[in-house]
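This is run.txt (compact mmCIF, C-alpha atoms and all ligand atoms).
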# COMPACT_ATOMS: atom_id res chain seq x y z
CA MET A 1 244.05 97.65 67.77
CA ARG A 2 242.68 95.33 65.10
CA GLU A 3 241.53 91.80 65.98
CA THR A 4 244.47 89.42 65.64
CA LYS A 5 244.67 85.66 65.55
CA PRO A 6 247.31 83.53 67.28
CA GLU A 7 248.75 82.43 63.92
CA ALA A 8 249.19 86.00 62.71
CA LYS A 9 252.56 86.97 61.24
CA ALA A 10 254.29 90.14 60.14
CA THR A 11 257.68 91.00 58.65
CA ALA A 12 259.66 94.21 59.01
CA VAL A 13 262.89 95.66 57.66
CA ALA A 14 265.06 98.08 59.62
CA CYS A 15 268.40 99.75 58.93
CA ALA A 16 271.40 99.89 61.24
CA ASN A 17 272.42 103.43 62.12
CA ILE A 18 275.66 105.29 62.70
CA ALA A 19 275.67 107.81 65.53
CA PHE A 20 277.37 111.17 64.96
CA ILE A 21 276.70 112.15 68.58
CA LYS A 22 276.68 108.94 70.55
CA TYR A 23 274.77 107.22 73.31
CA TRP A 24 277.20 106.09 76.00
CA GLY A 25 275.96 105.56 79.54
CA ARG A 26 272.46 105.59 80.97
CA VAL A 27 270.51 107.18 83.76
CA ASP A 28 268.05 104.26 83.84
CA SER A 29 269.36 100.87 82.79
CA ALA A 30 266.00 99.09 83.04
CA LEU A 31 264.36 101.49 80.58
CA ASN A 32 267.55 102.35 78.62
CA ILE A 33 267.12 106.07 79.29
CA PRO A 34 270.43 107.53 78.11
CA ALA A 35 272.65 110.01 79.93
CA ASN A 36 272.50 112.30 76.87
CA GLY A 37 270.67 112.84 73.59
CA SER A 38 272.22 111.48 70.39
CA VAL A 39 272.05 111.96 66.61
CA SER A 40 272.44 109.38 63.85
CA MET A 41 271.84 108.41 60.24
CA ASN A 42 270.15 105.20 59.13
CA LEU A 43 272.37 103.08 56.87
CA ASP A 44 270.46 101.92 53.78
CA SER A 45 272.58 98.89 52.86
CA LEU A 46 272.87 97.48 56.40
CA THR A 47 269.48 96.01 57.13
CA THR A 48 267.82 93.36 59.25
CA THR A 49 264.66 91.63 58.06
CA THR A 50 262.58 89.88 60.72
CA THR A 51 259.43 87.81 60.60
CA VAL A 52 257.39 87.21 63.76
CA LEU A 53 254.85 84.38 63.63
CA LEU A 54 252.57 84.05 66.66
CA ASP A 55 251.98 80.46 67.72
CA GLU A 56 249.83 79.59 70.73
CA ALA A 57 251.09 75.99 70.72
CA LEU A 58 254.78 76.84 71.19
CA PRO A 59 256.20 76.01 74.64
CA GLY A 60 258.46 79.11 74.42
CA ASP A 61 259.68 81.65 71.89
CA ALA A 62 261.95 80.32 69.14
CA LEU A 63 264.65 82.28 67.34
CA VAL A 64 266.56 81.71 64.09
CA ILE A 65 269.23 84.25 63.08
CA ASN A 66 270.84 83.99 59.65
CA ASP A 67 269.51 80.41 59.32
CA VAL A 68 271.00 79.33 62.69
CA PRO A 69 268.60 78.26 65.49
CA THR A 70 269.67 80.41 68.45
CA GLU A 71 269.16 79.84 72.18
CA GLY A 72 270.81 81.10 75.38
CA ARG A 73 271.30 84.80 76.08
CA ALA A 74 270.28 86.00 72.62
CA LEU A 75 266.93 84.19 72.86
CA GLU A 76 266.37 85.38 76.44
CA ARG A 77 266.91 88.99 75.35
CA VAL A 78 264.51 88.59 72.41
CA SER A 79 261.91 86.93 74.69
CA ARG A 80 262.20 89.76 77.19
CA HIS A 81 261.59 92.24 74.40
CA LEU A 82 258.62 90.25 73.11
CA ASP A 83 257.25 90.30 76.68
CA ALA A 84 257.23 94.11 76.58
CA ILE A 85 255.23 93.97 73.34
CA ARG A 86 252.94 91.23 74.71
CA ASP A 87 252.24 93.52 77.68
CA VAL A 88 251.09 96.27 75.33
CA ALA A 89 249.00 93.80 73.32
CA GLY A 90 247.53 92.17 76.42
CA LYS A 91 248.18 88.74 74.88
CA ARG A 92 250.61 86.01 75.98
CA TRP A 93 251.05 84.18 72.66
CA ARG A 94 254.55 82.84 72.01
CA ALA A 95 256.37 83.64 68.80
CA ARG A 96 258.65 82.16 66.18
CA VAL A 97 261.17 84.80 65.17
CA VAL A 98 263.27 84.45 62.04
CA SER A 99 265.79 87.15 61.29
CA ARG A 100 268.33 87.81 58.55
CA ASN A 101 271.05 90.46 58.41
CA SER A 102 272.60 91.93 55.30
CA PHE A 103 275.82 92.69 57.22
CA PRO A 104 278.25 90.99 59.65
CA MET A 105 276.95 90.73 63.23
CA GLY A 106 278.71 91.89 66.36
CA ALA A 107 281.51 93.87 64.73
CA GLY A 108 280.57 97.22 66.21
CA MET A 109 278.12 97.97 63.40
CA ALA A 110 275.13 98.53 65.69
CA SER A 111 273.56 95.30 64.53
CA SER A 112 271.42 95.32 67.70
CA ALA A 113 269.83 98.58 66.52
CA ALA A 114 268.58 97.09 63.25
CA ALA A 115 267.63 93.84 64.99
CA TYR A 116 265.49 95.37 67.73
CA ALA A 117 263.90 97.97 65.45
CA ALA A 118 262.85 95.22 63.01
CA LEU A 119 261.69 92.93 65.84
CA THR A 120 259.61 95.72 67.38
CA VAL A 121 257.83 96.64 64.16
CA ALA A 122 257.28 93.01 63.14
CA ALA A 123 255.97 91.96 66.57
CA ALA A 124 253.72 95.01 66.85
CA GLY A 125 252.42 94.16 63.37
CA ALA A 126 251.78 90.51 64.24
CA PHE A 127 249.87 91.49 67.37
CA GLY A 128 247.83 93.96 65.34
CA LEU A 129 248.93 96.99 67.35
CA SER A 130 248.58 100.36 65.67
CA LEU A 131 251.36 102.41 67.20
CA ASP A 132 252.84 105.68 65.95
CA THR A 133 256.55 106.27 65.29
CA ALA A 134 257.21 107.65 68.79
CA GLN A 135 255.52 104.68 70.48
CA LEU A 136 257.43 102.20 68.30
CA SER A 137 260.67 104.09 69.00
CA ALA A 138 260.08 103.90 72.78
CA LEU A 139 259.39 100.17 72.55
CA ALA A 140 262.46 99.52 70.37
CA ARG A 141 264.59 101.40 72.95
CA LEU A 142 263.71 98.78 75.58
CA GLY A 143 265.36 96.11 73.41
CA SER A 144 268.48 98.10 72.59
CA GLY A 145 268.95 101.82 73.20
CA SER A 146 270.23 102.71 69.74
CA ALA A 147 267.35 100.73 68.13
CA CYS A 148 264.99 103.61 68.91
CA ARG A 149 266.92 105.66 66.31
CA SER A 150 266.36 103.04 63.58
CA ILE A 151 262.57 103.49 63.74
CA PRO A 152 262.26 106.98 62.13
CA ALA A 153 263.67 107.66 58.64
CA GLY A 154 266.90 109.27 57.46
CA PHE A 155 268.67 111.60 59.89
CA VAL A 156 267.45 111.04 63.43
CA GLU A 157 267.70 112.60 66.89
CA TRP A 158 267.03 110.62 70.08
CA GLN A 159 265.81 113.02 72.71
CA GLN A 160 267.07 111.95 76.10
CA GLY A 161 263.66 112.35 77.76
CA HIS A 162 262.94 111.46 81.36
CA ASP A 163 260.61 108.45 81.19
CA HIS A 164 259.50 105.64 78.86
CA ALA A 165 257.17 107.80 76.75
CA SER A 166 259.49 110.82 76.37
CA SER A 167 262.82 109.10 75.58
CA VAL A 168 262.18 108.64 71.85
CA ALA A 169 263.73 109.39 68.49
CA TYR A 170 262.33 111.49 65.66
CA SER A 171 263.44 112.28 62.12
CA ILE A 172 265.40 115.53 61.69
CA ALA A 173 265.43 115.15 57.89
CA PRO A 174 264.38 112.46 55.38
CA PRO A 175 266.97 110.25 53.60
CA GLU A 176 266.84 112.32 50.39
CA HIS A 177 267.77 115.51 52.30
CA TRP A 178 271.52 114.94 51.88
CA ALA A 179 273.60 112.44 49.86
CA LEU A 180 275.93 111.66 52.75
CA CYS A 181 277.89 108.39 52.59
CA ASP A 182 279.27 106.15 55.28
CA CYS A 183 282.18 104.12 53.87
CA ILE A 184 282.81 101.49 56.53
CA ALA A 185 286.29 100.03 56.67
CA VAL A 186 285.73 96.53 58.03
CA VAL A 187 288.89 95.41 59.84
CA ALA A 188 287.28 92.62 61.91
CA ALA A 189 284.11 90.72 61.15
CA GLY A 190 283.83 88.58 64.30
CA GLU A 191 282.04 89.17 67.59
CA LYS A 192 283.37 92.15 69.53
CA ALA A 193 285.34 91.46 72.73
CA VAL A 194 283.43 93.89 74.97
CA SER A 195 279.73 94.50 74.36
CA SER A 196 278.29 98.02 74.35
CA LEU A 197 276.17 96.84 77.31
CA GLN A 198 279.33 96.53 79.42
CA GLY A 199 280.59 99.85 78.09
CA HIS A 200 277.37 101.66 79.12
CA THR A 201 277.53 100.07 82.54
CA MET A 202 281.16 101.06 83.16
CA ALA A 203 281.08 104.53 81.58
CA HIS A 204 280.48 106.31 84.89
CA THR A 205 283.76 104.91 86.29
CA SER A 206 285.73 107.18 83.94
CA PRO A 207 286.73 110.58 85.37
CA LEU A 208 285.96 112.04 81.92
CA TYR A 209 282.34 110.88 81.92
CA PRO A 210 280.73 113.86 83.71
CA LEU A 211 282.47 116.25 81.32
CA ARG A 212 281.13 114.47 78.26
CA VAL A 213 277.58 114.27 79.62
CA ARG A 214 277.69 117.99 80.50
CA THR A 215 278.88 119.04 77.05
CA THR A 216 276.73 116.80 74.85
CA GLY A 217 273.74 119.17 74.60
CA PRO A 218 275.60 121.80 72.53
CA ARG A 219 277.11 119.08 70.31
CA VAL A 220 273.66 117.61 69.63
CA ARG A 221 272.46 121.09 68.59
CA ASP A 222 275.55 121.69 66.46
CA CYS A 223 275.12 118.33 64.77
CA ARG A 224 271.41 118.88 64.07
CA GLU A 225 272.14 122.29 62.55
CA ALA A 226 275.03 120.91 60.47
CA ILE A 227 272.72 118.24 59.04
CA LEU A 228 269.97 120.74 58.26
CA ALA A 229 272.54 123.02 56.54
CA ARG A 230 274.26 120.06 54.79
CA ASP A 231 277.53 121.37 56.23
CA MET A 232 280.12 118.55 55.90
CA VAL A 233 282.92 120.31 57.78
CA ARG A 234 280.73 121.23 60.74
CA LEU A 235 279.17 117.75 60.90
CA GLY A 236 282.55 116.05 60.55
CA GLU A 237 284.22 118.15 63.23
CA VAL A 238 281.51 117.70 65.86
CA THR A 239 281.26 113.96 65.05
CA GLU A 240 284.99 113.40 65.52
CA VAL A 241 285.11 115.29 68.82
CA ASP A 242 282.21 113.24 70.18
CA ASN A 243 283.75 110.02 68.88
CA PHE A 244 287.11 110.62 70.53
CA MET A 245 285.41 111.65 73.79
CA LEU A 246 283.51 108.35 73.87
CA HIS A 247 286.63 106.32 73.21
CA ALA A 248 288.59 108.35 75.79
CA ILE A 249 285.89 107.41 78.32
CA ALA A 250 286.06 103.74 77.33
CA MET A 251 289.86 103.76 77.65
CA THR A 252 289.71 105.42 81.09
CA SER A 253 286.88 103.24 82.50
CA GLU A 254 287.66 100.74 85.25
CA PRO A 255 288.66 98.31 83.84
CA PRO A 256 289.60 100.11 80.61
CA ILE A 257 288.07 99.08 77.28
CA TYR A 258 290.09 99.36 74.07
CA TYR A 259 287.92 99.00 71.01
CA TRP A 260 290.68 99.86 68.54
CA SER A 261 293.01 97.36 66.92
CA ASP A 262 296.30 97.98 65.05
CA GLU A 263 294.28 97.98 61.82
CA THR A 264 291.90 100.58 63.27
CA ARG A 265 294.81 102.88 64.07
CA ARG A 266 296.21 102.47 60.58
CA VAL A 267 292.86 103.53 59.05
CA LEU A 268 292.60 106.49 61.47
CA ASP A 269 296.07 107.72 60.47
CA ALA A 270 295.26 107.38 56.78
CA VAL A 271 291.94 109.25 57.02
CA LEU A 272 293.51 112.12 58.96
CA THR A 273 296.33 112.33 56.39
CA TRP A 274 293.92 112.32 53.43
CA ARG A 275 292.00 115.15 55.06
CA GLU A 276 295.17 117.20 55.57
CA GLN A 277 295.76 116.69 51.84
CA GLY A 278 292.32 118.17 51.06
CA LEU A 279 289.92 115.18 50.90
CA PRO A 280 286.84 116.06 53.04
CA VAL A 281 286.39 112.78 54.94
CA TYR A 282 285.72 112.36 58.68
CA LEU A 283 285.59 109.32 60.91
CA THR A 284 283.74 107.77 63.79
CA LEU A 285 283.75 104.36 65.51
CA ASP A 286 281.10 102.53 67.49
CA ALA A 287 281.91 100.00 70.20
CA GLY A 288 284.18 98.02 67.88
CA PRO A 289 287.26 98.29 65.66
CA ASN A 290 285.61 99.13 62.30
CA VAL A 291 286.01 102.69 61.05
CA HIS A 292 283.03 104.61 59.66
CA CYS A 293 284.31 107.19 57.17
CA LEU A 294 281.83 109.96 56.40
CA CYS A 295 281.91 111.97 53.20
CA GLU A 296 279.61 113.41 50.58
CA GLN A 297 278.57 111.35 47.55
CA ALA A 298 281.06 113.16 45.29
CA HIS A 299 283.99 111.70 47.27
CA ALA A 300 282.59 108.28 48.17
CA GLU A 301 284.23 106.37 45.31
CA GLN A 302 287.66 107.86 46.02
CA VAL A 303 287.36 107.19 49.77
CA THR A 304 286.22 103.60 49.12
CA GLN A 305 289.08 102.85 46.73
CA ARG A 306 291.67 104.33 49.10
CA LEU A 307 290.29 102.38 52.07
CA LYS A 308 290.32 99.13 50.07
CA ALA A 309 294.01 99.64 49.28
CA LEU A 310 294.98 99.85 52.99
CA PRO A 311 296.56 96.75 54.54
CA GLY A 312 294.26 95.11 57.12
CA VAL A 313 291.03 96.37 55.54
CA LEU A 314 288.97 93.25 54.81
CA ASP A 315 286.09 94.98 53.07
CA VAL A 316 284.48 98.38 52.60
CA LEU A 317 280.69 98.66 52.96
CA VAL A 318 279.10 101.80 51.57
CA ALA A 319 275.82 103.05 53.00
CA ARG A 320 273.66 106.07 52.27
CA PRO A 321 270.82 107.57 54.36
CA GLY A 322 268.22 104.85 54.89
CA ALA A 323 264.47 104.52 55.40
CA GLY A 324 262.72 104.08 58.72
CA ALA A 325 261.70 100.64 59.96
CA HIS A 326 258.64 99.38 58.06
CA LEU A 327 256.49 96.35 57.37
CA ILE A 328 256.91 94.39 54.13
CA ASP A 329 254.83 91.71 52.42
CA GLU A 330 257.49 89.04 51.84
CA HIS A 331 257.94 86.83 54.89
CA LEU A 332 260.87 84.70 56.08
CA ILE A 333 258.43 82.04 57.39
CA GLU A 334 255.90 80.44 55.00
C1 LIG A 401 278.77 103.09 70.69
O1 LIG A 401 272.41 100.60 71.66
O2 LIG A 401 274.20 98.84 71.34
O3 LIG A 401 277.06 102.38 69.18
O4 LIG A 401 271.24 99.60 74.73
O5 LIG A 401 273.03 97.98 75.45
O6 LIG A 401 271.88 97.66 73.24
P1 LIG A 401 272.33 98.64 74.29
O7 LIG A 401 273.48 99.51 73.63
P2 LIG A 401 273.65 99.97 72.13
O8 LIG A 401 274.78 101.08 72.30
C2 LIG A 401 275.26 101.81 71.20
C3 LIG A 401 276.57 102.40 71.52
C4 LIG A 401 277.28 103.09 70.38
C5 LIG A 401 276.85 104.53 70.24
C6 LIG A 401 275.53 104.80 69.57
O9 LIG A 401 275.11 104.07 68.66
O10 LIG A 401 274.93 105.82 69.93
In structure tokens, how does this file's structure come out?
Ligand code: DP6
Amino acid sequence: MRETKPEAKATAVACANIAFIKYWGRVDSALNIPANGSVSMNLDSLTTTTTVLLDEALPGDALVINDVPTEGRALERVSRHLDAIRDVAGKRWRARVVSRNSFPMGAGMASSAAAYAALTVAAAGAFGLSLDTAQLSALARLGSGSACRSIPAGFVEWQQGHDHASSVAYSIAPPEHWALCDCIAVVAAGEKAVSSLQGHTMAHTSPLYPLRVRTTGPRVRDCREAILARDMVRLGEVTEVDNFMLHAIAMTSEPPIYYWSDETRRVLDAVLTWREQGLPVYLTLDAGPNVHCLCEQAHAEQVTQRLKALPGVLDVLVARPGAGAHLIDEHLIE
């Protein structure tokens, strides 16, 4: 650990990620140890940039997101995460946190993943901690489970693990390994009605939950091998099965959670029809109504144009495999 001063600052950028095999339910909710391993891809155009400025004189942490001073639950969650990093640093200094997203928040686009990965790397940088990727991934996981997958680069696997140090993500392949595209049909840009936190907490109330947990191991392996072999059909098939299992669990939880809207269903129908007609495109959804359509670069333009022409699609965001979370020299606080 290098010597750091209370006015030290650092800025980090992190990508959101889309899970092919998803995290849904936990065995330890304090440490965010998941019920199963998961696999994802970082999304290069969906980033969060965060500056952390340490300030001894502050009465408490302060948070600004997308130029809006933010208090309440969002600030409490950020402060709790900073506490975890302060514990590692052995310093109690408060922080000013300024964060900016390149994509809409709270619409099921895993914005918490990018946010907590960037916050972790920026705060660790400001405190002068020299941590490796696995240590940063474990710390990011405490803020938001899926954030641990936004620390390593490209295609990423989160190993379930059994404690804080072992439940971490690592890179299966770098971004340049495969020109895979995620064409995201945005059908709602507002806050989602049910947070993934509630979904994780209620997952075990579904009678389908034990079946999914039991069968995730082979899907994680299948997914990893499909990525390494750049096999679109195999990746797409295993991703869709896992996606529909997650949503079946959400819909059969007590009380049930329906993340899909009418617009979502219209996009699902269209994608399945296009595939029957020979276009190799597959879909997955996070805890929200937007539809992530996966295809290879050669088909991305066609998929994007077709999605844009569907009624109810507000926008289409296209993302390719992204970098791992990293420090940058331009800061959001002077
Ligand atoms: C459906 O990581 O957002 O996107 O740990 O409560 O922050 P918290 O949950 P979060 O859950 C992600 C759920 C998911 C699937 C996934 O990304 O694996």
Find the residues near range 313-325 of chain A: any atom within 7 Å, counting all atoms listed in the file, skip ones fewer than 6 places away on the same chain, and give them as a PDB file with C-alpha atoms, in the coordinates of the input.
ATOM      1  CA  ALA A  12     259.660  94.210  59.010  1.00  0.00           C
ATOM      2  CA  VAL A  13     262.890  95.660  57.660  1.00  0.00           C
ATOM      3  CA  ALA A  14     265.060  98.080  59.620  1.00  0.00           C
ATOM      4  CA  CYS A  15     268.400  99.750  58.930  1.00  0.00           C
ATOM      5  CA  MET A  41     271.840 108.410  60.240  1.00  0.00           C
ATOM      6  CA  ASN A  42     270.150 105.200  59.130  1.00  0.00           C
ATOM      7  CA  LEU A  43     272.370 103.080  56.870  1.00  0.00           C
ATOM      8  CA  ASP A  44     270.460 101.920  53.780  1.00  0.00           C
ATOM      9  CA  SER A  45     272.580  98.890  52.860  1.00  0.00           C
ATOM     10  CA  ALA A 117     263.900  97.970  65.450  1.00  0.00           C
ATOM     11  CA  ALA A 118     262.850  95.220  63.010  1.00  0.00           C
ATOM     12  CA  VAL A 121     257.830  96.640  64.160  1.00  0.00           C
ATOM     13  CA  SER A 150     266.360 103.040  63.580  1.00  0.00           C
ATOM     14  CA  ILE A 151     262.570 103.490  63.740  1.00  0.00           C
ATOM     15  CA  PRO A 152     262.260 106.980  62.130  1.00  0.00           C
ATOM     16  CA  ALA A 153     263.670 107.660  58.640  1.00  0.00           C
ATOM     17  CA  GLY A 154     266.900 109.270  57.460  1.00  0.00           C
ATOM     18  CA  PRO A 175     266.970 110.250  53.600  1.00  0.00           C
ATOM     19  CA  ALA A 179     273.600 112.440  49.860  1.00  0.00           C
ATOM     20  CA  LEU A 180     275.930 111.660  52.750  1.00  0.00           C
ATOM     21  CA  CYS A 181     277.890 108.390  52.590  1.00  0.00           C
ATOM     22  CA  ASP A 182     279.270 106.150  55.280  1.00  0.00           C
ATOM     23  CA  CYS A 183     282.180 104.120  53.870  1.00  0.00           C
ATOM     24  CA  ILE A 184     282.810 101.490  56.530  1.00  0.00           C
ATOM     25  CA  ALA A 185     286.290 100.030  56.670  1.00  0.00           C
ATOM     26  CA  VAL A 186     285.730  96.530  58.030  1.00  0.00           C
ATOM     27  CA  VAL A 187     288.890  95.410  59.840  1.00  0.00           C
ATOM     28  CA  THR A 304     286.220 103.600  49.120  1.00  0.00           C
ATOM     29  CA  LEU A 307     290.290 102.380  52.070  1.00  0.00           C
TER      30      LEU A 307
END
- Task: Fewer than 5 positions away in the same chain doesn't count, so skip those; otherwise give me all residues within 12 Å of His247 in chain A, counting all atoms listed in the file, as an NGL selection string.
- Result: :A and (22-24 or 196 or 199-200 or 203 or 206 or 208-209 or 212 or 240-242 or 252-253 or 256-260 or 284-289)
Using the file's own x, y and z axes, so that the box edges lie along x, y and z, what centre and edge lengths in Å (one decimal) does a box around every listed atom of ligand LIG 401 (chain A) get when 8 Å is added on each side? Give it as AutoDock Vina command-line options.
--center_x 275.0 --center_y 101.7 --center_z 72.1 --size_x 23.5 --size_y 24.2 --size_z 22.8
- Message: How would you report the residues lying within 10 Å of ligand LIG 401 (chain A), as a PyMOL selection string, if you count only C-alpha atoms and all ligand atoms?
- Response: chain A and resi 16-26+29-34+36-40+106+108-114+116+140-149+158+195-201+243+246-247+250+284-288
- Note on the structure: Nearest to Asp83 in chain A, restricted to all atoms listed in the file and choosing among A:Ser102, A:Thr50, A:Asn66, A:Thr120, comes out as A:Thr120
